[in-house]
Each structure stands twice: as structure tokens, then as C-alpha cells.
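my_file.txt follows (compact mmCIF, C-alpha atoms):
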```
# COMPACT_ATOMS: atom_id res chain seq x y z
CA MET A 901 -30.71 98.03 105.23
CA GLU A 902 -29.37 96.29 108.29
CA THR A 903 -29.08 92.53 108.11
CA VAL A 904 -30.74 90.22 110.60
CA GLN A 905 -27.28 89.32 111.88
CA GLY A 906 -26.44 93.00 112.33
CA LEU A 907 -29.66 93.64 114.22
CA ARG A 908 -28.99 90.69 116.50
CA ALA A 909 -25.47 91.91 117.23
CA ALA A 910 -26.80 95.38 118.02
CA LYS A 911 -29.44 93.92 120.35
CA LYS A 912 -26.81 91.82 122.13
CA ARG A 913 -24.60 94.87 122.60
CA GLU A 914 -27.57 96.86 123.90
CA THR A 915 -28.40 94.13 126.42
CA HIS A 916 -24.74 93.80 127.45
CA ASP A 917 -24.44 97.54 128.04
CA ALA A 918 -27.73 97.74 129.94
CA ILE A 919 -26.65 94.97 132.32
CA ALA A 920 -23.20 96.50 132.85
CA SER A 921 -24.69 99.94 133.47
CA ALA A 922 -27.22 98.64 136.00
CA ALA A 923 -24.52 96.64 137.78
CA THR A 924 -22.12 99.56 137.97
CA ARG A 925 -24.81 101.84 139.36
CA LEU A 926 -25.67 99.36 142.10
CA PHE A 927 -22.04 98.58 142.89
CA MET A 928 -21.22 102.26 143.36
CA GLN A 929 -24.26 102.78 145.58
CA ARG A 930 -23.77 99.79 147.87
CA GLY A 931 -20.38 98.21 147.18
CA PHE A 932 -19.46 95.26 145.00
CA GLU A 933 -19.89 92.49 147.58
CA ASP A 934 -23.32 93.65 148.79
CA VAL A 935 -25.08 93.46 145.41
CA THR A 936 -26.50 90.17 144.12
CA ILE A 937 -26.88 88.93 140.55
CA ALA A 938 -30.65 88.78 141.09
CA GLU A 939 -30.71 92.48 142.01
CA ILE A 940 -28.69 93.35 138.92
CA ALA A 941 -31.06 91.35 136.74
CA ALA A 942 -34.05 93.17 138.21
CA ALA A 943 -32.44 96.57 137.69
CA ALA A 944 -31.59 95.73 134.07
CA ARG A 945 -35.04 94.16 133.51
CA VAL A 946 -33.63 90.86 132.31
CA ALA A 947 -33.63 87.31 133.66
CA LYS A 948 -30.95 86.26 136.12
CA MET A 949 -29.75 83.67 133.59
CA THR A 950 -29.32 86.44 131.00
CA VAL A 951 -26.91 88.23 133.32
CA THR A 952 -24.82 85.11 133.83
CA ASN A 953 -24.88 84.31 130.11
CA TYR A 954 -23.36 87.70 129.32
CA PHE A 955 -21.16 87.85 132.40
CA PRO A 956 -20.20 84.41 133.74
CA ARG A 957 -18.11 86.11 136.45
CA LYS A 958 -19.60 88.72 138.73
CA GLU A 959 -16.30 90.67 138.72
CA ASP A 960 -16.63 91.26 134.99
CA LEU A 961 -19.86 93.14 135.55
CA ALA A 962 -17.69 95.87 137.06
CA LEU A 963 -14.65 95.27 134.84
CA ASP A 964 -16.71 94.90 131.68
CA ARG A 965 -13.86 96.10 129.44
CA HIS A 966 -11.61 93.23 130.50
CA GLU A 967 -11.18 91.96 126.94
CA GLU A 968 -9.93 95.38 125.83
CA LEU A 969 -7.53 95.49 128.77
CA VAL A 970 -6.14 92.06 127.88
CA SER A 971 -5.40 93.16 124.30
CA ALA A 972 -4.37 96.75 125.06
CA VAL A 973 -0.62 96.17 124.70
CA ALA A 974 -0.61 93.07 122.50
CA ALA A 975 -2.77 94.55 119.74
CA PRO A 976 -0.52 97.49 118.71
CA VAL A 977 2.56 95.27 118.97
CA GLU A 978 0.94 92.66 116.76
CA ARG A 979 0.19 95.37 114.16
CA ARG A 980 3.61 97.04 114.29
CA ALA A 981 5.05 98.24 111.02
CA PRO A 982 8.30 97.08 109.39
CA GLY A 983 11.22 98.77 111.12
CA GLU A 984 9.17 99.59 114.22
CA SER A 985 10.41 98.21 117.53
CA VAL A 986 8.16 96.45 120.02
CA LEU A 987 8.59 99.31 122.49
CA ALA A 988 7.79 101.96 119.86
CA ALA A 989 4.59 100.12 118.92
CA ALA A 990 3.53 99.76 122.56
CA ARG A 991 4.28 103.42 123.21
CA ALA A 992 2.34 104.54 120.14
CA GLY A 993 -0.58 102.34 121.18
CA TYR A 994 -0.71 103.94 124.61
CA ALA A 995 -0.41 107.43 123.11
CA ALA A 996 -3.34 106.71 120.77
CA ARG A 997 -5.50 105.63 123.70
CA LEU A 998 -4.43 108.72 125.62
CA ALA A 999 -5.34 110.98 122.70
CA THR A 1000 -8.90 109.60 122.66
CA ARG A 1001 -9.13 109.37 126.47
CA ASP A 1002 -9.88 105.69 126.22
CA PRO A 1003 -11.79 104.39 129.29
CA THR A 1004 -9.32 101.50 129.68
CA LEU A 1005 -6.67 103.99 130.85
CA GLY A 1006 -8.35 104.10 134.24
CA PHE A 1007 -9.89 107.56 134.71
CA SER A 1008 -13.16 107.16 136.60
CA SER A 1009 -15.43 108.72 139.17
CA VAL A 1010 -14.45 108.85 142.82
CA GLU A 1011 -17.21 106.32 143.53
CA TRP A 1012 -16.03 103.80 140.94
CA ALA A 1013 -12.39 104.05 141.98
CA GLY A 1014 -13.42 103.65 145.61
CA MET A 1015 -15.49 100.60 144.76
CA LEU A 1016 -12.53 98.99 142.98
CA PHE A 1017 -9.96 99.75 145.66
CA GLY A 1018 -12.40 98.63 148.33
CA SER A 1019 -13.06 95.19 146.86
CA ARG A 1020 -10.53 92.41 147.30
CA ALA A 1021 -12.33 90.36 144.62
CA LEU A 1022 -12.12 93.14 142.05
CA ARG A 1023 -8.46 93.83 142.78
CA ALA A 1024 -7.74 90.12 142.37
CA ARG A 1025 -9.63 90.05 139.06
CA LEU A 1026 -7.69 93.07 137.82
CA ARG A 1027 -4.41 91.30 138.62
CA GLU A 1028 -5.68 88.29 136.70
CA ILE A 1029 -6.55 90.48 133.72
CA HIS A 1030 -3.04 91.86 133.66
CA GLU A 1031 -1.63 88.33 133.85
CA GLN A 1032 -3.77 87.46 130.82
CA ALA A 1033 -2.51 90.59 129.05
CA GLU A 1034 1.06 89.51 129.76
CA ASP A 1035 0.40 86.04 128.36
CA ALA A 1036 -1.24 87.50 125.24
CA LEU A 1037 1.69 89.81 124.58
CA ALA A 1038 4.26 87.07 125.23
CA ARG A 1039 2.55 84.87 122.62
CA VAL A 1040 2.69 87.67 120.05
CA LEU A 1041 6.36 88.33 120.76
CA ALA A 1042 7.28 84.65 120.62
CA GLU A 1043 5.53 84.32 117.27
CA GLN A 1044 7.11 87.46 115.82
CA THR A 1045 10.63 86.72 116.99
CA GLY A 1046 10.60 82.95 116.75
CA ASP A 1047 11.93 82.85 120.30
CA ALA A 1048 10.34 80.25 122.56
CA GLY A 1049 12.63 81.14 125.47
CA LEU A 1050 12.51 83.59 128.34
CA THR A 1051 12.95 86.90 126.50
CA PRO A 1052 9.41 87.33 125.08
CA ARG A 1053 7.95 86.70 128.53
CA LEU A 1054 10.44 89.06 130.16
CA VAL A 1055 9.63 91.86 127.71
CA ALA A 1056 5.89 91.22 128.06
CA ALA A 1057 6.17 91.38 131.85
CA GLN A 1058 7.88 94.78 131.70
CA LEU A 1059 5.44 96.32 129.23
CA VAL A 1060 2.32 95.04 130.99
CA ALA A 1061 3.72 96.09 134.37
CA THR A 1062 4.02 99.61 132.94
CA GLU A 1063 0.40 99.43 131.77
CA ARG A 1064 -0.68 98.26 135.22
CA LEU A 1065 1.21 101.00 137.05
CA LEU A 1066 -0.22 103.71 134.80
CA LEU A 1067 -3.73 102.33 135.31
CA THR A 1068 -3.23 102.33 139.07
CA GLU A 1069 -1.99 105.92 138.91
CA ALA A 1070 -5.14 106.96 137.03
CA LEU A 1071 -7.37 105.21 139.55
CA ARG A 1072 -5.48 106.70 142.50
CA ARG A 1073 -5.85 110.20 141.09
CA SER A 1074 -9.54 109.58 140.32
CA LEU A 1075 -10.09 108.46 143.91
CA ALA A 1076 -8.44 111.69 145.08
CA GLY A 1077 -11.04 113.65 143.11
CA GLU A 1078 -8.84 114.94 140.30
CA GLY A 1079 -10.65 115.88 137.11
CA ALA A 1080 -10.16 114.38 133.67
CA ASP A 1081 -7.75 117.07 132.45
CA GLN A 1082 -5.52 116.62 135.49
CA VAL A 1083 -5.51 112.84 135.27
CA TYR A 1084 -4.78 112.64 131.56
CA ALA A 1085 -2.04 115.26 131.83
CA ALA A 1086 -0.47 113.23 134.64
CA LEU A 1087 -0.72 110.05 132.58
CA ALA A 1088 0.94 111.75 129.62
CA GLU A 1089 3.89 112.77 131.78
CA ALA A 1090 4.10 109.45 133.63
CA SER A 1091 3.94 107.42 130.42
CA ARG A 1092 6.61 109.58 128.81
CA GLU A 1093 8.96 108.92 131.72
CA ALA A 1094 8.13 105.22 131.84
CA PHE A 1095 8.72 104.59 128.15
CA GLU A 1096 11.89 106.65 128.12
CA ARG A 1097 13.28 104.51 130.92
CA LEU A 1098 12.27 101.32 129.12
CA GLU A 1099 14.00 102.63 125.99
CA ARG A 1100 17.39 101.96 127.57
CA GLY A 1101 16.81 98.24 127.70
CA LEU A 1102 14.15 97.53 125.08
CA GLY A 1103 14.64 100.25 122.47
CA ASP A 1104 15.87 97.95 119.72
CA TYR A 1105 13.97 94.81 120.68
CA GLY A 1106 12.11 93.37 117.70
CA LEU A 1107 13.56 95.76 115.11
CA ASP A 1108 14.72 92.88 112.96
CA THR A 1109 11.45 90.99 113.27
CA ALA A 1110 8.76 93.59 112.48
CA GLN A 1111 6.37 92.04 110.03
CA SER A 1112 5.59 93.45 106.62
CA ASP A 1113 2.24 92.91 104.90
```
Would you mind writing the file out in C-alpha cells?
Amino acid sequence: METVQGLRAAKKRETHDAIASAATRLFMQRGFEDVTIAEIAAAARVAKMTVTNYFPRKEDLALDRHEELVSAVAAPVERRAPGESVLAAARAGYAARLATRDPTLGFSSVEWAGMLFGSRALRARLREIHEQAEDALARVLAEQTGDAGLTPRLVAAQLVATERLLLTEALRRSLAGEGADQVYAALAEASREAFERLERGLGDYGLDTAQSD
């Protein structure tokens, strides 16, 4: 039997998803800037305050997976196995998301990609998300290596830049009308090339600091 806490969590997730779905539908129909919070609340059949409680920033109604994007690179690096380099963990993490066609990789409809590229506010928010992802990864690397200097931030910048470029490639191809199979095949090839190039400089980074249980 589900607990009261479990039922509450499920209800919160249901409300969250209903608001995000209503917002996305309106944004794609009319553009991000031309839709108000009040209109989103009406479409989701909730109070305006409920929308802002779940989504304090309007941009996150469109980029509702921002928390997953922030942790996308840091999480697999934080979990890396003994003897596994930072780059190997990041590459395996991306490959796992690719295998499941994770939505955070960037494949979308033409309408959604057009909405994102057409909104200065959303592009700015996406840059901010990647900056947060870089900070999150740098903290993990500094903790794992015991290095409070430049190197963890430099490595984090390179790995998150790769994530950002691959996401942009997926969005660009989505906007061009390519289907899922085409986009994910292109991402597989692009990520292979990107990580192979990074291997030359980062291949052994963190090998002596991988954490055991």
C-alpha cells in the first residue's frame, strides 16, 4: 500500500508535469515571450501561484529538465569506479543516455527547437544551466582529486562544453526536421569523435583518484 508521503510525491509530480505540458504546448503555438503565467495556469487548471511555486522562473517551464542537465556530466563522474578515469566515466554516462534516448540529449520537435532558438531568454537560461553544470562538475573533481586549483575547473569546462555542443547539434538537426534515428545516429558519431579528441589531453585524468566504496 502506498504511503501518504508517496501519494503526495506522486501528486506533486503529476501537477508538475501537467503545468510543464500545458506551458510547452502554449509556447510552441505562440512563442515563449507571448505566453503569460496566467494563461499557463488556466491551461493547466491550477492557480497562478501554483505555477510559480513549481516554476519560480518562467524559462524553466520550457526547460523543465534543467536539474537533470545540471547533473548530467557530474553524476557519472561522481559515481566512477576505481581505476576509471574522469573522461571514461563522462563518456560512459553520455553513452548510457544515448542508449535510452534520454530527452536531455536535445532531440525534439521542429516546433520546440524553433521556440528555443527563437527566444533570447531561453538561450540565456540554457547557457546559465551549462554554467551550473560546469560548477557542479568542478566541485566533484576538486573533491575527488583534492585539487583546489585551476585544473578541476579546466577539465569541467571542457567536458561541459562538449555536452553543450552535442546538445546544440541535436537541436539544430531537430530544427532541420531530421527524425529520431538520424539525430541519435549523428550524436553517436559526434560524441565518439569528441571524446576521442579529448582522450589525448584528459585520458588519464583522475585515474589515481577514483573512489572505491
Task: Distance of atom CA of Ile1029 of chain A from atom CA of His966 of chain A, expressed in Å to one decimal place - done: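 Rounded to one decimal, the two atoms are 6.6 Å apart.
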Open item on the list: Which residue is closest to Val1010 of chain A? Choose from A:Leu963, A:Val951, A:Leu969, A:Leu1075 and count all atoms listed in the file.
Closed with: A:Leu1075
TODO: Could you please determine the separation between atom CA of Ala1024 of chain A and atom CA of Glu933 of chain A in Å, to one decimal place?
DONE: 13.4 Å
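The protein and nucleic acid residues lying at most 9 Å from Thr1109 of chain A are Pro982, Gly983, Glu984, Ser985, Gln1044, Thr1045, Gly1046, Tyr1105 and Gly1106 of chain A, with only C-alpha atoms considered and sequence neighbours fewer than 3 positions away removed.
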Open item on the list: Using all atoms listed in the file, can you tell me which of A:Tyr994, A:Phe932, A:Tyr954, A:Tyr1084 comes closest to Phe1007 of chain A?
Closed with: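 When distances to Phe1007 of chain A are compared using all atoms listed in the file, the smallest one comes from A:Tyr1084.
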Task: Pick from A:Ala972, A:Gln1082, A:Leu1054, A:Met1015, whichever lies nearest to Ala996 of chain A using all atoms listed in the file - done: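 For Ala996 of chain A, the nearest of the candidates is A:Ala972.
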TODO: Please provide the set of residues having any atom within 12 Å of Thr952 of chain A, restricted to all atoms listed in the file, with same-chain residues fewer than 4 positions apart removed, written as a list in words.
DONE: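 The neighbour list is His916, Ile919, Ala920, Thr936, Ile937, Ala938, Ile940, Ala941, Val946, Ala947, Lys948, Pro956, Arg957, Lys958, Glu959, Asp960 and Leu961 of chain A.
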Taking all atoms of segment 1048-1059 of chain A that the file lists, what box with edges along x, y and z, padded by 3 Å per side, do you get, with centre and edge lengths in Å to one decimal, as lines of an AutoDock Vina configuration file?
```
center_x = 9.2
center_y = 88.3
center_z = 127.2
size_x = 13.5
size_y = 22.1
size_z = 15.3
```
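Only residues having an atom at most 6 Å from (4.1, 91.7, 129.3) are included; using only C-alpha atoms, these are Glu1034, Leu1037, Val1055, Ala1056, Ala1057, Gln1058, Leu1059 and Val1060 of chain A.
With distances taken over all atoms listed in the file, A:Thr1068 is the one residue among A:Val1083, A:Ser971, A:Thr1068, A:Met928 lying closest to Arg1023 of chain A.
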TODO: Calculate how many Å separate atom CA of Thr915 of chain A from atom CA of Ala1080 of chain A, rounding to one decimal.
DONE: 28.2 Å
Task: Shortest interatomic distance to Glu1063 of chain A - which of A:Val970, A:Ala922, A:Ala1021, A:Ala999, counting only C-alpha atoms - done: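 Ranked by minimum distance to Glu1063 of chain A, first place goes to A:Val970.
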TODO: Tell me which of A:Met949, A:Leu1107, A:Ala1094, A:Ala918 sits closest to Ala1061 of chain A, counting only C-alpha atoms.
DONE: A:Ala1094
What would the file be for segment 994-1005 of chain A if you keep all heavy atoms and write it as an mmCIF file, in the first residue's frame?
```
data_model
loop_
_atom_site.group_PDB
_atom_site.id
_atom_site.type_symbol
_atom_site.label_atom_id
_atom_site.label_comp_id
_atom_site.auth_asym_id
_atom_site.auth_seq_id
_atom_site.Cartn_x
_atom_site.Cartn_y
_atom_site.Cartn_z
ATOM 1 N N TYR A 994 27.419 9.535 -21.025
ATOM 2 C CA TYR A 994 26.759 10.021 -22.244
ATOM 3 C C TYR A 994 26.241 8.845 -23.068
ATOM 4 O O TYR A 994 25.117 8.885 -23.588
ATOM 5 C CB TYR A 994 27.720 10.872 -23.082
ATOM 6 C CG TYR A 994 27.023 11.580 -24.219
ATOM 7 C CD1 TYR A 994 26.431 12.822 -24.021
ATOM 8 C CD2 TYR A 994 26.915 10.983 -25.475
ATOM 9 C CE1 TYR A 994 25.751 13.463 -25.056
ATOM 10 C CE2 TYR A 994 26.239 11.617 -26.511
ATOM 11 C CZ TYR A 994 25.664 12.854 -26.293
ATOM 12 O OH TYR A 994 24.979 13.474 -27.319
ATOM 13 N N ALA A 995 27.039 7.796 -23.174
ATOM 14 C CA ALA A 995 26.631 6.616 -23.948
ATOM 15 C C ALA A 995 25.371 5.981 -23.358
ATOM 16 O O ALA A 995 24.491 5.521 -24.096
ATOM 17 C CB ALA A 995 27.765 5.599 -23.989
ATOM 18 N N ALA A 996 25.272 5.960 -22.026
ATOM 19 C CA ALA A 996 24.088 5.387 -21.379
ATOM 20 C C ALA A 996 22.848 6.215 -21.699
ATOM 21 O O ALA A 996 21.772 5.660 -21.967
ATOM 22 C CB ALA A 996 24.317 5.320 -19.872
ATOM 23 N N ARG A 997 22.982 7.518 -21.695
ATOM 24 C CA ARG A 997 21.859 8.385 -22.052
ATOM 25 C C ARG A 997 21.492 8.208 -23.526
ATOM 26 O O ARG A 997 20.308 8.227 -23.892
ATOM 27 C CB ARG A 997 22.209 9.843 -21.760
ATOM 28 C CG ARG A 997 22.311 10.147 -20.273
ATOM 29 C CD ARG A 997 23.129 11.397 -20.017
ATOM 30 N NE ARG A 997 22.490 12.581 -20.566
ATOM 31 C CZ ARG A 997 23.160 13.672 -20.959
ATOM 32 N NH1 ARG A 997 24.485 13.711 -20.885
ATOM 33 N NH2 ARG A 997 22.502 14.704 -21.434
ATOM 34 N N LEU A 998 22.491 8.028 -24.362
ATOM 35 C CA LEU A 998 22.246 7.831 -25.785
ATOM 36 C C LEU A 998 21.503 6.516 -26.021
ATOM 37 O O LEU A 998 20.590 6.434 -26.853
ATOM 38 C CB LEU A 998 23.588 7.829 -26.524
ATOM 39 C CG LEU A 998 23.569 7.981 -28.047
ATOM 40 C CD1 LEU A 998 22.918 9.287 -28.474
ATOM 41 C CD2 LEU A 998 24.996 7.904 -28.591
ATOM 42 N N ALA A 999 21.889 5.485 -25.276
ATOM 43 C CA ALA A 999 21.261 4.168 -25.445
ATOM 44 C C ALA A 999 19.773 4.201 -25.094
ATOM 45 O O ALA A 999 18.972 3.465 -25.681
ATOM 46 C CB ALA A 999 21.987 3.130 -24.583
ATOM 47 N N THR A 1000 19.395 5.040 -24.146
ATOM 48 C CA THR A 1000 17.989 5.140 -23.741
ATOM 49 C C THR A 1000 17.264 6.311 -24.407
ATOM 50 O O THR A 1000 16.106 6.569 -24.118
ATOM 51 C CB THR A 1000 17.874 5.306 -22.209
ATOM 52 O OG1 THR A 1000 18.572 6.497 -21.812
ATOM 53 C CG2 THR A 1000 18.477 4.109 -21.498
ATOM 54 N N ARG A 1001 17.994 7.026 -25.289
ATOM 55 C CA ARG A 1001 17.438 8.204 -25.969
ATOM 56 C C ARG A 1001 16.873 9.199 -24.959
ATOM 57 O O ARG A 1001 15.729 9.659 -25.068
ATOM 58 C CB ARG A 1001 16.394 7.795 -27.010
ATOM 59 C CG ARG A 1001 16.984 6.921 -28.110
ATOM 60 C CD ARG A 1001 16.079 6.776 -29.305
ATOM 61 N NE ARG A 1001 16.779 6.133 -30.412
ATOM 62 C CZ ARG A 1001 16.306 6.021 -31.650
ATOM 63 N NH1 ARG A 1001 15.103 6.500 -31.941
ATOM 64 N NH2 ARG A 1001 17.000 5.434 -32.598
ATOM 65 N N ASP A 1002 17.705 9.507 -23.995
ATOM 66 C CA ASP A 1002 17.319 10.418 -22.920
ATOM 67 C C ASP A 1002 16.926 11.781 -23.495
ATOM 68 O O ASP A 1002 17.633 12.333 -24.343
ATOM 69 C CB ASP A 1002 18.516 10.580 -21.972
ATOM 70 C CG ASP A 1002 18.125 11.251 -20.669
ATOM 71 O OD1 ASP A 1002 17.751 12.437 -20.719
ATOM 72 O OD2 ASP A 1002 18.213 10.601 -19.618
ATOM 73 N N PRO A 1003 15.804 12.355 -23.036
ATOM 74 C CA PRO A 1003 15.359 13.657 -23.569
ATOM 75 C C PRO A 1003 16.368 14.785 -23.361
ATOM 76 O O PRO A 1003 16.349 15.777 -24.103
ATOM 77 C CB PRO A 1003 14.069 13.930 -22.780
ATOM 78 C CG PRO A 1003 13.588 12.585 -22.340
ATOM 79 C CD PRO A 1003 14.818 11.780 -22.099
ATOM 80 N N THR A 1004 17.237 14.665 -22.361
ATOM 81 C CA THR A 1004 18.205 15.737 -22.107
ATOM 82 C C THR A 1004 19.276 15.830 -23.192
ATOM 83 O O THR A 1004 20.043 16.801 -23.212
ATOM 84 C CB THR A 1004 18.909 15.546 -20.752
ATOM 85 O OG1 THR A 1004 19.631 14.306 -20.750
ATOM 86 C CG2 THR A 1004 17.913 15.559 -19.607
ATOM 87 N N LEU A 1005 19.322 14.877 -24.112
ATOM 88 C CA LEU A 1005 20.308 14.943 -25.194
ATOM 89 C C LEU A 1005 19.935 15.979 -26.243
ATOM 90 O O LEU A 1005 20.781 16.379 -27.040
ATOM 91 C CB LEU A 1005 20.473 13.572 -25.855
ATOM 92 C CG LEU A 1005 21.071 12.480 -24.975
ATOM 93 C CD1 LEU A 1005 21.134 11.158 -25.732
ATOM 94 C CD2 LEU A 1005 22.447 12.869 -24.461
#
```
